[in-house]
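Q: My structure is in work20.csv, and what it holds is CSV, C-alpha atoms (C1' of nucleotides):
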```csv
chain,number,residue,atom,x,y,z
A,1,MET,CA,-29.9,-2.3,2.6
A,2,GLN,CA,-28.6,-3.5,6.0
A,3,ARG,CA,-28.9,-1.2,9.0
A,4,LYS,CA,-27.2,-1.0,12.3
A,5,ALA,CA,-28.8,0.8,15.2
A,6,ASP,CA,-26.7,3.2,17.3
A,7,SER,CA,-28.2,3.3,20.8
A,8,GLN,CA,-25.9,6.0,22.0
A,9,ASN,CA,-27.9,8.8,20.4
A,10,ASN,CA,-30.4,9.4,17.6
A,11,HIS,CA,-27.8,8.6,15.0
A,12,ARG,CA,-27.4,5.3,13.4
A,13,ARG,CA,-25.1,3.9,10.8
A,14,VAL,CA,-26.7,3.4,7.4
A,15,TYR,CA,-25.1,0.8,5.2
A,16,ALA,CA,-24.3,2.5,1.9
A,17,ALA,CA,-22.5,0.1,-0.4
A,18,SER,CA,-20.3,-2.9,-0.5
A,19,VAL,CA,-17.1,-2.1,-2.3
A,20,LYS,CA,-16.0,-5.3,-3.9
A,21,THR,CA,-12.3,-4.8,-4.4
A,22,PRO,CA,-10.3,-7.5,-6.1
A,23,PHE,CA,-9.1,-8.4,-2.6
A,24,ALA,CA,-12.0,-8.3,-0.3
A,25,ASN,CA,-15.2,-6.4,0.5
A,26,LEU,CA,-15.2,-3.0,2.2
A,27,GLY,CA,-18.4,-1.9,3.8
A,28,LEU,CA,-19.3,1.8,3.4
A,29,TRP,CA,-21.3,3.1,6.2
A,30,PHE,CA,-22.8,6.6,6.5
A,31,GLN,CA,-23.4,8.0,9.9
A,32,GLY,CA,-27.0,9.1,9.5
A,33,ARG,CA,-30.0,10.3,11.6
A,34,ALA,CA,-33.3,8.5,11.4
A,35,LEU,CA,-36.0,11.0,10.6
A,36,ALA,CA,-39.5,9.6,10.4
A,37,GLY,CA,-38.1,6.5,8.9
A,38,ILE,CA,-36.0,8.3,6.3
A,39,ASP,CA,-32.3,8.0,6.4
A,40,PHE,CA,-30.9,11.5,6.5
A,41,ILE,CA,-27.3,11.5,5.8
A,42,GLU,CA,-25.4,14.2,7.6
A,43,GLN,CA,-22.1,12.9,8.8
A,44,ASP,CA,-18.9,11.5,7.3
A,45,LEU,CA,-18.9,8.0,6.0
A,46,LEU,CA,-17.0,5.3,7.8
A,47,VAL,CA,-15.2,2.5,6.2
A,48,GLN,CA,-15.3,-0.9,7.7
A,49,VAL,CA,-13.7,-4.1,6.5
A,50,ASP,CA,-15.8,-7.2,6.3
A,51,PRO,CA,-15.3,-9.0,9.6
A,52,GLY,CA,-14.2,-12.2,7.9
A,53,ALA,CA,-11.8,-10.4,5.5
A,54,GLU,CA,-8.1,-10.7,5.9
A,55,MET,CA,-6.5,-7.3,6.3
A,56,THR,CA,-4.0,-6.8,3.5
A,57,ALA,CA,-2.0,-3.9,2.2
A,58,GLU,CA,-4.4,-3.5,-0.7
A,59,ILE,CA,-7.5,-3.3,1.6
A,60,GLU,CA,-5.7,-0.9,3.8
A,61,ALA,CA,-4.9,1.2,0.7
A,62,MET,CA,-8.6,1.2,-0.3
A,63,ARG,CA,-9.6,2.3,3.2
A,64,GLU,CA,-7.0,5.0,3.2
A,65,LEU,CA,-8.3,6.3,-0.1
A,66,ILE,CA,-11.9,6.5,1.1
A,67,ASN,CA,-11.0,8.0,4.4
A,68,SER,CA,-8.8,10.6,2.7
A,69,TYR,CA,-11.8,11.4,0.4
A,70,CYS,CA,-14.0,11.9,3.5
A,71,LEU,CA,-11.5,14.4,5.0
A,72,ASN,CA,-10.8,16.2,1.7
A,73,PRO,CA,-12.6,15.3,-1.5
A,74,PHE,CA,-10.5,17.8,-3.5
A,75,ARG,CA,-7.2,16.2,-2.8
A,76,ARG,CA,-6.5,14.0,-5.8
A,77,PRO,CA,-5.7,10.6,-4.4
A,78,HIS,CA,-2.8,8.5,-5.6
A,79,PHE,CA,-4.5,5.6,-7.2
A,80,ASP,CA,-2.3,2.5,-7.6
A,81,SER,CA,-3.1,0.9,-10.9
A,82,GLU,CA,-3.0,-2.5,-9.1
A,83,LEU,CA,-6.1,-1.5,-7.3
A,84,MET,CA,-8.0,-1.1,-10.5
A,85,PRO,CA,-10.7,-3.8,-10.5
A,86,ALA,CA,-11.1,-6.4,-13.3
A,87,GLY,CA,-13.3,-5.4,-16.1
A,88,THR,CA,-13.6,-5.4,-19.9
A,89,GLU,CA,-11.4,-3.1,-21.9
A,90,PHE,CA,-14.2,-0.7,-22.4
A,91,GLN,CA,-15.1,-0.6,-18.7
A,92,GLN,CA,-11.5,0.1,-17.8
A,93,LYS,CA,-11.5,3.0,-20.3
A,94,VAL,CA,-14.6,4.5,-18.8
A,95,TRP,CA,-13.4,4.0,-15.2
A,96,LYS,CA,-10.2,5.7,-16.0
A,97,ALA,CA,-12.0,8.6,-17.6
A,98,LEU,CA,-14.1,8.9,-14.4
A,99,GLN,CA,-11.0,9.3,-12.4
A,100,ASP,CA,-10.0,12.2,-14.5
A,101,ILE,CA,-13.1,14.1,-13.5
A,102,PRO,CA,-12.0,16.5,-10.8
A,103,ALA,CA,-14.0,16.7,-7.5
A,104,GLY,CA,-16.7,19.4,-7.6
A,105,ARG,CA,-17.3,18.9,-11.3
A,106,ILE,CA,-20.1,16.9,-12.9
A,107,VAL,CA,-20.5,15.7,-16.4
A,108,THR,CA,-23.4,14.0,-18.2
A,109,TYR,CA,-23.3,10.5,-19.5
A,110,GLY,CA,-23.7,12.0,-23.0
A,111,GLU,CA,-20.7,14.3,-22.5
A,112,LEU,CA,-18.5,11.5,-21.3
A,113,ALA,CA,-19.7,9.3,-24.2
A,114,LYS,CA,-18.8,11.9,-26.7
A,115,GLU,CA,-15.3,12.2,-25.2
A,116,LEU,CA,-14.9,8.4,-25.4
A,117,ASN,CA,-16.5,8.2,-28.8
A,118,THR,CA,-19.3,5.9,-27.6
A,119,SER,CA,-22.9,6.2,-26.4
A,120,ALA,CA,-24.4,7.5,-23.2
A,121,ARG,CA,-26.0,4.2,-22.5
A,122,ALA,CA,-22.8,2.4,-22.8
A,123,VAL,CA,-21.2,4.8,-20.3
A,124,GLY,CA,-24.1,4.2,-18.0
A,125,ASN,CA,-23.6,0.5,-18.2
A,126,ALA,CA,-19.9,0.8,-17.3
A,127,CYS,CA,-20.8,3.0,-14.4
A,128,ARG,CA,-23.3,0.5,-13.2
A,129,ARG,CA,-20.6,-2.1,-13.1
A,130,ASN,CA,-18.2,0.1,-11.2
A,131,PRO,CA,-17.3,-2.1,-8.2
A,132,ILE,CA,-15.7,0.6,-6.2
A,133,PRO,CA,-17.9,3.7,-6.0
A,134,VAL,CA,-16.3,6.7,-4.3
A,135,ILE,CA,-12.8,5.6,-5.3
A,136,ILE,CA,-13.9,5.5,-9.0
A,137,PRO,CA,-16.1,8.6,-8.8
A,138,CYS,CA,-19.1,7.5,-10.9
A,139,HIS,CA,-21.2,9.8,-8.7
A,140,ARG,CA,-19.8,12.7,-10.8
A,141,VAL,CA,-21.7,11.5,-13.9
A,142,VAL,CA,-25.3,12.5,-14.1
A,143,ALA,CA,-28.1,12.2,-16.6
A,144,ARG,CA,-29.0,15.1,-18.9
A,145,ALA,CA,-32.4,15.3,-17.3
A,146,GLY,CA,-31.8,14.0,-13.8
A,147,ILE,CA,-29.3,12.6,-11.4
A,148,GLY,CA,-28.9,9.2,-13.0
A,149,GLY,CA,-28.2,6.2,-10.9
A,150,PHE,CA,-25.8,5.1,-8.3
A,151,SER,CA,-24.4,1.7,-7.2
A,152,GLY,CA,-26.7,-0.1,-9.5
A,153,ALA,CA,-29.9,1.7,-8.3
A,154,THR,CA,-31.9,4.3,-10.2
A,155,LYS,CA,-34.2,5.1,-7.3
A,156,GLY,CA,-34.3,4.9,-3.5
A,157,SER,CA,-31.8,5.8,-0.8
A,158,MET,CA,-28.8,5.1,-3.0
A,159,LEU,CA,-29.5,8.3,-4.8
A,160,ASN,CA,-29.4,10.2,-1.5
A,161,ILE,CA,-25.9,8.9,-1.1
A,162,LYS,CA,-25.0,10.1,-4.6
A,163,LYS,CA,-26.4,13.5,-3.7
A,164,TRP,CA,-24.5,13.5,-0.4
A,165,LEU,CA,-21.2,12.7,-2.2
A,166,LEU,CA,-21.9,15.6,-4.7
A,167,ASN,CA,-22.8,17.9,-1.9
A,168,HIS,CA,-19.6,16.8,-0.1
A,169,GLU,CA,-17.7,18.2,-3.1
A,170,GLY,CA,-19.7,21.4,-3.1
A,171,VAL,CA,-22.2,20.5,-5.9
A,172,GLN,CA,-25.8,21.2,-5.2
A,173,PHE,CA,-28.1,18.8,-7.0
A,174,SER,CA,-31.8,19.2,-6.6
B,1,DG,C1',-43.8,20.7,-20.9
B,2,DT,C1',-44.1,15.8,-21.1
B,3,DA,C1',-45.0,11.2,-22.4
B,4,DG,C1',-43.9,7.8,-25.8
B,5,DT,C1',-40.8,5.7,-29.0
B,6,DC,C1',-36.6,4.3,-31.0
B,7,DG,C1',-31.5,4.3,-31.9
B,8,DT,C1',-27.4,3.3,-29.7
B,9,DG,C1',-23.2,0.7,-27.5
B,10,DC,C1',-22.2,-2.6,-24.4
B,11,DT,C1',-22.6,-6.8,-21.4
B,12,DA,C1',-24.2,-11.1,-19.4
B,13,DA,C1',-26.6,-15.2,-19.9
C,1,DT,C1',-27.9,-14.7,-30.2
C,2,DT,C1',-30.7,-12.0,-27.4
C,3,DA,C1',-32.5,-9.4,-23.7
C,4,DG,C1',-31.6,-5.8,-20.6
C,5,DC,C1',-29.7,-1.3,-19.3
C,6,DA,C1',-27.4,4.4,-14.2
C,7,DC,C1',-29.1,7.5,-21.9
C,8,DG,C1',-30.4,10.8,-25.3
C,9,DA,C1',-32.8,12.6,-29.3
C,10,DC,C1',-36.8,13.0,-31.6
C,11,DT,C1',-41.8,13.4,-32.3
C,12,DA,C1',-46.6,14.2,-31.2
C,13,DC,C1',-49.9,16.1,-28.3
```
Please re-express this file's structure in structure tokens.
A:
Amino acid sequence: MQRKADSQNNHRRVYAASVKTPFANLGLWFQGRALAGIDFIEQDLLVQVDPGAEMTAEIEAMRELINSYCLNPFRRPHFDSELMPAGTEFQQKVWKALQDIPAGRIVTYGELAKELNTSARAVGNACRRNPIPVIIPCHRVVARAGIGGFSGATKGSMLNIKKWLLNHEGVQFS
DNA sequence: GTAGTCGTGCTAA
DNA sequence: TTAGCACGACTAC
């Protein structure tokens, strides 16, 4: 995980995830506070476009979606189907189902698997390959006996981000 | 309760 | 074809 110091105060930006859209990479940054070496996420996330990336209408749309989510996670975003990243037929099906989960609600991999007539592990695989976390809300899917993973990681600071996103939607996950 | 094991569906190499 | 997974159910202790 890359980090960027903020010399203005005790806050610093903590790199959260690279959102690989079909068009370019968006960097997700959380405004966090360094506490004894631990990144404590407490502020809104900021969206930055890769410095080398060309600013296109699609990238702007992605940025708008994420910024809109930061301001109000309960407002259902208008998701243009052209923004849906490439994936297998199964992955597309799972990602579409994820977008139907309303903010503030969580489901387990098993529950979603039952709905899609597949297995929990298969759902987890599709979630792991979700290239645009936050926009496709894979953070709303948790394991039966735990929080599950986020952005390809099953442990570490990524899970703090998943908890933060859930908390942002009013879900307390211990 | 919890650790170990296995079945499952899917994907990438 | 095979190994690897963001899982879940079952079993033994």
Q: Pick from A:Glu89, A:Asp100, A:Glu169, A:Glu115: nearest to chain B, with all atoms listed in the file counted?
A: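 Residue with the minimum atom-to-atom distance to chain B: A:Glu89.
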Q: Neighbouring residues of A:Arg128 were defined as those with any atom within 10 Å, considering only C-alpha atoms (C1' of nucleotides); residues of the same chain fewer than 4 positions away were excluded. Please report them as a list in words.
A: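 Counting only the stated atoms, we get Gln91, Ala122, Val123, Gly124, Pro133, Cys138, Gly149, Phe150, Ser151, Gly152, Ala153 and Thr154 of chain A; DC5 and DA6 of chain C.
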Q: Could you give me, as JSON lines, every chain B residue with an atom at most 12 Å from chain A, plus its closest atom pair and distance in Å to one decimal, counting only C-alpha atoms (C1' of nucleotides), rows ordered by chain then number?
A:
```
{"residue": "B:DG7", "atom": "C1'", "partner": "A:Ser119", "partner_atom": "CA", "distance": 10.4}
{"residue": "B:DT8", "atom": "C1'", "partner": "A:Ser119", "partner_atom": "CA", "distance": 6.3}
{"residue": "B:DG9", "atom": "C1'", "partner": "A:Ala122", "partner_atom": "CA", "distance": 5.0}
{"residue": "B:DC10", "atom": "C1'", "partner": "A:Ala122", "partner_atom": "CA", "distance": 5.3}
{"residue": "B:DT11", "atom": "C1'", "partner": "A:Asn125", "partner_atom": "CA", "distance": 8.0}
{"residue": "B:DA12", "atom": "C1'", "partner": "A:Arg129", "partner_atom": "CA", "distance": 11.6}
```
Q: Can you work out the spacing between atom CA of A:Gly148 and atom C1' of C:DA9 in Å, to one decimal?
A: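 Spanning atom CA of A:Gly148 to atom C1' of C:DA9 is a straight-line distance of 17.1 Å.
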Q: Quick one, how far is atom CA of A:Cys70 from atom CA of A:Trp164?
A: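 Result for atom CA of A:Cys70 versus atom CA of A:Trp164: 11.3 Å, one decimal.
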Q: Find the distance between atom CA of A:Val107 and atom CA of A:Ile147 and write it in Å to one decimal.
A: 10.6 Å
Q: Taking into account only C-alpha atoms (C1' of nucleotides), which residue in the set A:His168, A:Lys163, A:Arg144, A:Lys96 is nearest to chain C?
A: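 Going through A:His168, A:Lys163, A:Arg144, A:Lys96 one by one, the smallest distance to chain C is for A:Arg144.
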Q: Write out as a ChimeraX atom specification the residues lying within 12 Å of B:DG4, counting all atoms listed in the file and excluding same-chain residues fewer than 6 positions away.
A: /C:10-13
Q: Keeping C-alpha atoms (C1' of nucleotides) for every residue in the selection just given, could you write it to a file as a short mmCIF file (atom, residue, chain, number, x, y, z; two decimals), in the frame of the given file?
A:
```cif
data_model
loop_
_atom_site.label_atom_id
_atom_site.label_comp_id
_atom_site.auth_asym_id
_atom_site.auth_seq_id
_atom_site.Cartn_x
_atom_site.Cartn_y
_atom_site.Cartn_z
"C1'" DC C 10 -36.80 13.00 -31.60
"C1'" DT C 11 -41.80 13.40 -32.30
"C1'" DA C 12 -46.60 14.20 -31.20
"C1'" DC C 13 -49.90 16.10 -28.30
#
```
Q: Which one of A:Gln172, A:Ala143, A:Ala57, A:Glu64 sits closest to chain C if you count all atoms listed in the file?
A: A:Ala143
Q: Excluding same-chain residues fewer than 6 positions from B:DA13, what lies within 12 Å of it counting all atoms listed in the file, as a list in words?
A: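 In the requested form, the answer reads DT1, DT2, DA3 and DG4 of chain C.
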Q: Write out the residues from the selection above, keeping C-alpha atoms (C1' of nucleotides), as an mmCIF file, in the coordinates of the input.
A:
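The result, written out as selection.cif:
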```
data_model
loop_
_atom_site.group_PDB
_atom_site.id
_atom_site.type_symbol
_atom_site.label_atom_id
_atom_site.label_comp_id
_atom_site.auth_asym_id
_atom_site.auth_seq_id
_atom_site.Cartn_x
_atom_site.Cartn_y
_atom_site.Cartn_z
ATOM 1 C "C1'" DT C 1 -27.900 -14.700 -30.200
ATOM 2 C "C1'" DT C 2 -30.700 -12.000 -27.400
ATOM 3 C "C1'" DA C 3 -32.500 -9.400 -23.700
ATOM 4 C "C1'" DG C 4 -31.600 -5.800 -20.600
#
```
Q: Which of these, A:Val141, A:Ile132, A:Ala103, A:Leu165, has the shortest distance to A:Arg75 once you count all atoms listed in the file?
A: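 With all atoms listed in the file as the atom set, the closest residue is A:Ala103.
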